[in-house]
Structure formats: C-alpha cells, structure tokens
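Undergrad: The structure's right below; bear with me while I get my questions together.
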Amino acid sequence: MKFTGEITVMAPRAAVFEALRDARFFASCVEGVRDLAEVAPDRYSARFETKVAYMKFTFKVMVEVTRADAPREIEAKVEGTPLGVVGRMVATSVTSLSEAGDGTRIDYAVEATLTGKLGSLGQPVLRSKARDMEKQFAARLAAAFATGAPQRAQS
C-alpha cells in the first residue's frame with residue numbers, strides 16, 4: 001500500500017527540518033508512540049499503540065533514518081511486529097520539504113506492507129486510519145509551531 005499527502009506548516013523550512021529530525025519531537029506528534037529510545041545514531045526503538053476498526057494493536061517498532069538531506073528530504077525505514085498477533089509491518093517513508101510562501105510544505109510518501117491479521121483488514125480500513133493519523137499529526141505539528149519553533153528535546 002502507498003500513502004501520500006501534504007501538510008503545510010507556517011514556519012521556515014530549516015526549522016521544520018530540524019524539528020522533524022528530532023526523534024522525540026516527531027514522536028510527540030504521532031498518537032500512540034510510547035517508550036522511544038535511541039539504540040544507535042539515527043536508529044530508534046519504540047512501542048506504537050493504535051486501534052484499527054474494532055481491534056487494538058501494539059507494535060514493537062524499529063525506526064531508522066536512512067537518509068537526511070538538510071533541509072530538503074528525510075528518508076526512513078520502519079519495521080514492526082504486533083504483540084500477541086502473528087504479522088509484520090515494513091514501511092519506507094520519504095518526506096520532502098519545500099518553501100511555500102512564509103511556510104513550509106511537507107510532502108510525504110509511505111510505502112507499507114502489512115502481513116497477518118492487520119494485513120487482512122483491507123486497504124479501505126487502513127487508508128481511513130492513515131488519514132486520521134495524518135490529521136492528528138498535522139494538528140500537533142501546526143500547534144508546536146504556532147508559538148515559534150519547537151524546542152529541541154534534551155537527551
């Protein structure tokens with residue numbers, strides 16, 4: 001499955017790039033991310049909890065930033081396994097940043113493969129969930145920049 005979209009944030013591109021490269025800030029914008037830990041430079045582990053249709057899933061995930069071209073593009077790979085359910089999730093994402101007047105346009109593309117019980121739910125249900133997550137992420141990101149650039153997380 002492929003998901004694409006765009007979000008516009010009223011902030012300079014360099015500030016948006018730095019915020020998105022900060023794993024703790026990024027995770028704070030994604031509903032359901034818990035226990036984020038850096039395991040190596042540009043490699044993180046976390047738990048991700050979500051509800052899809054009538055089922056609740058908890059994933060153990062590994063996220064690796066595979067390429068970062070400041071301030072234009074970030075590419076990442078996500079691998080996860082749902083706890084208590086047979087299956088697997090593998091996704092790659094490419095996020096591109098461009099200037100949009102006084103703001104920054106964030107274009108993203110996510111290519112995801114889901115197997116097992118989650119994969120059997122079907123694309124319409126998963127696309128609907130992805131759109132809901134996008135709206136929540138965009139709202140949190142916009143709120144973080146509403147009063148200026150967000151503060152970088154301290155390690």
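For the structure tokens, the naming scheme is as follows: chains receive sequential letters (A, B, ...) according to their order of presentation, residues are indexed from 1 within each chain, and ligands are indexed from 1 in presentation order.
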So which residues of chain A fall under helix (DSSP H, G or I) by DSSP, listed as number ranges by chain?

TA: A: 13-21, 23-28, 116-119, 123-145

Undergrad: Leaving out A:Ala144 and any residue of its chain fewer than 4 positions from it, which residues lie within 12 Å of it when counting only C-alpha atoms, given as an MDAnalysis selection string?

TA: chainID A and resid 9:11 15:16 19:20 25:26 28:29 137:140 148:152

Undergrad: So that I can see what lies close to A:Tyr108, please list as a PDB file with N, CA and C atoms, in the first residue's frame the residues with an atom at most 9 Å from it, counting only C-alpha atoms and leaving out residues fewer than 5 positions away in the same chain.

TA:
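The result, stored in selection25.pdb:
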```
ATOM      1  N   PHE A   3       0.746   5.438   0.665  1.00  0.00           N
ATOM      2  CA  PHE A   3       0.035   6.598   1.188  1.00  0.00           C
ATOM      3  C   PHE A   3       0.842   7.833   0.826  1.00  0.00           C
ATOM      4  N   THR A   4       0.193   8.852   0.307  1.00  0.00           N
ATOM      5  CA  THR A   4       0.866  10.107   0.010  1.00  0.00           C
ATOM      6  C   THR A   4       0.007  11.253   0.521  1.00  0.00           C
ATOM      7  N   GLY A   5       0.646  12.374   0.764  1.00  0.00           N
ATOM      8  CA  GLY A   5      -0.095  13.541   1.199  1.00  0.00           C
ATOM      9  C   GLY A   5       0.817  14.715   1.388  1.00  0.00           C
ATOM     10  N   GLU A   6       0.216  15.803   1.858  1.00  0.00           N
ATOM     11  CA  GLU A   6       0.992  17.008   2.119  1.00  0.00           C
ATOM     12  C   GLU A   6       0.411  17.741   3.319  1.00  0.00           C
ATOM     13  N   ILE A   7       1.283  18.441   3.996  1.00  0.00           N
ATOM     14  CA  ILE A   7       0.927  19.254   5.148  1.00  0.00           C
ATOM     15  C   ILE A   7       1.694  20.564   4.983  1.00  0.00           C
ATOM     16  N   SER A  93       9.477   5.583   4.221  1.00  0.00           N
ATOM     17  CA  SER A  93       8.855   6.887   4.030  1.00  0.00           C
ATOM     18  C   SER A  93       9.880   7.866   3.484  1.00  0.00           C
ATOM     19  N   VAL A  94       9.400   8.740   2.623  1.00  0.00           N
ATOM     20  CA  VAL A  94      10.217   9.828   2.103  1.00  0.00           C
ATOM     21  C   VAL A  94       9.441  11.111   2.370  1.00  0.00           C
ATOM     22  N   THR A  95      10.075  12.027   3.072  1.00  0.00           N
ATOM     23  CA  THR A  95       9.476  13.313   3.409  1.00  0.00           C
ATOM     24  C   THR A  95      10.291  14.402   2.731  1.00  0.00           C
ATOM     25  N   SER A  96       9.623  15.207   1.904  1.00  0.00           N
ATOM     26  CA  SER A  96      10.289  16.295   1.191  1.00  0.00           C
ATOM     27  C   SER A  96       9.746  17.630   1.686  1.00  0.00           C
ATOM     28  N   LEU A  97      10.646  18.572   1.895  1.00  0.00           N
ATOM     29  CA  LEU A  97      10.270  19.892   2.384  1.00  0.00           C
ATOM     30  C   LEU A  97      10.562  20.935   1.311  1.00  0.00           C
TER      31      LEU A  97
END
```

Undergrad: Report as a ChimeraX atom specification: the residues of stretch 2-155 of chain A with a DSSP assignment of strand (DSSP E or B), based on the backbone of this structure.

TA: /A:2-9,33-40,43-52,55-69,73-82,87-100,103-115

Undergrad: Counting only C-alpha atoms, what is within 12 Å of A:Lys56, bar same-chain residues fewer than 5 positions away, as a PyMOL selection string?

TA: chain A and resi 32+48-51+82-85+117-118

Undergrad: Kindly export the residues of the current selection with N, CA and C atoms, as a CSV table (one decimal), in the first residue's frame.

TA:
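The new file out11.csv reads:
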```csv
chain,number,residue,atom,x,y,z
A,32,GLY,N,0.0,7.6,20.0
A,32,GLY,CA,0.3,6.2,20.3
A,32,GLY,C,1.7,5.8,20.4
A,48,PHE,N,4.3,1.3,19.6
A,48,PHE,CA,3.2,2.1,18.9
A,48,PHE,C,1.9,1.4,19.1
A,49,GLU,N,1.0,2.1,19.7
A,49,GLU,CA,-0.4,1.5,20.0
A,49,GLU,C,-1.4,2.2,19.2
A,50,THR,N,-2.3,1.5,18.6
A,50,THR,CA,-3.3,2.0,17.7
A,50,THR,C,-4.5,1.1,17.7
A,51,LYS,N,-5.6,1.7,17.3
A,51,LYS,CA,-6.8,0.9,17.2
A,51,LYS,C,-7.2,1.0,15.7
A,82,PRO,N,3.5,-6.8,15.6
A,82,PRO,CA,2.4,-6.6,16.6
A,82,PRO,C,2.6,-7.6,17.7
A,83,LEU,N,2.4,-7.1,18.9
A,83,LEU,CA,2.5,-8.0,20.1
A,83,LEU,C,1.2,-8.8,20.2
A,84,GLY,N,1.4,-10.2,20.4
A,84,GLY,CA,0.2,-11.0,20.6
A,84,GLY,C,-0.5,-11.4,19.3
A,85,VAL,N,0.0,-11.0,18.2
A,85,VAL,CA,-0.7,-11.3,16.9
A,85,VAL,C,0.4,-11.7,15.9
A,117,LYS,N,-2.9,-10.7,10.6
A,117,LYS,CA,-4.2,-10.2,10.9
A,117,LYS,C,-4.4,-8.8,10.5
A,118,LEU,N,-3.4,-7.9,10.7
A,118,LEU,CA,-3.6,-6.5,10.3
A,118,LEU,C,-3.7,-6.4,8.8
```

Undergrad: Just to confirm, what's the straight-line distance from atom CA of A:Asp42 to atom CA of A:Thr66 in Å (one decimal)?

TA: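 Spanning atom CA of A:Asp42 to atom CA of A:Thr66 is a straight-line distance of 7.7 Å.
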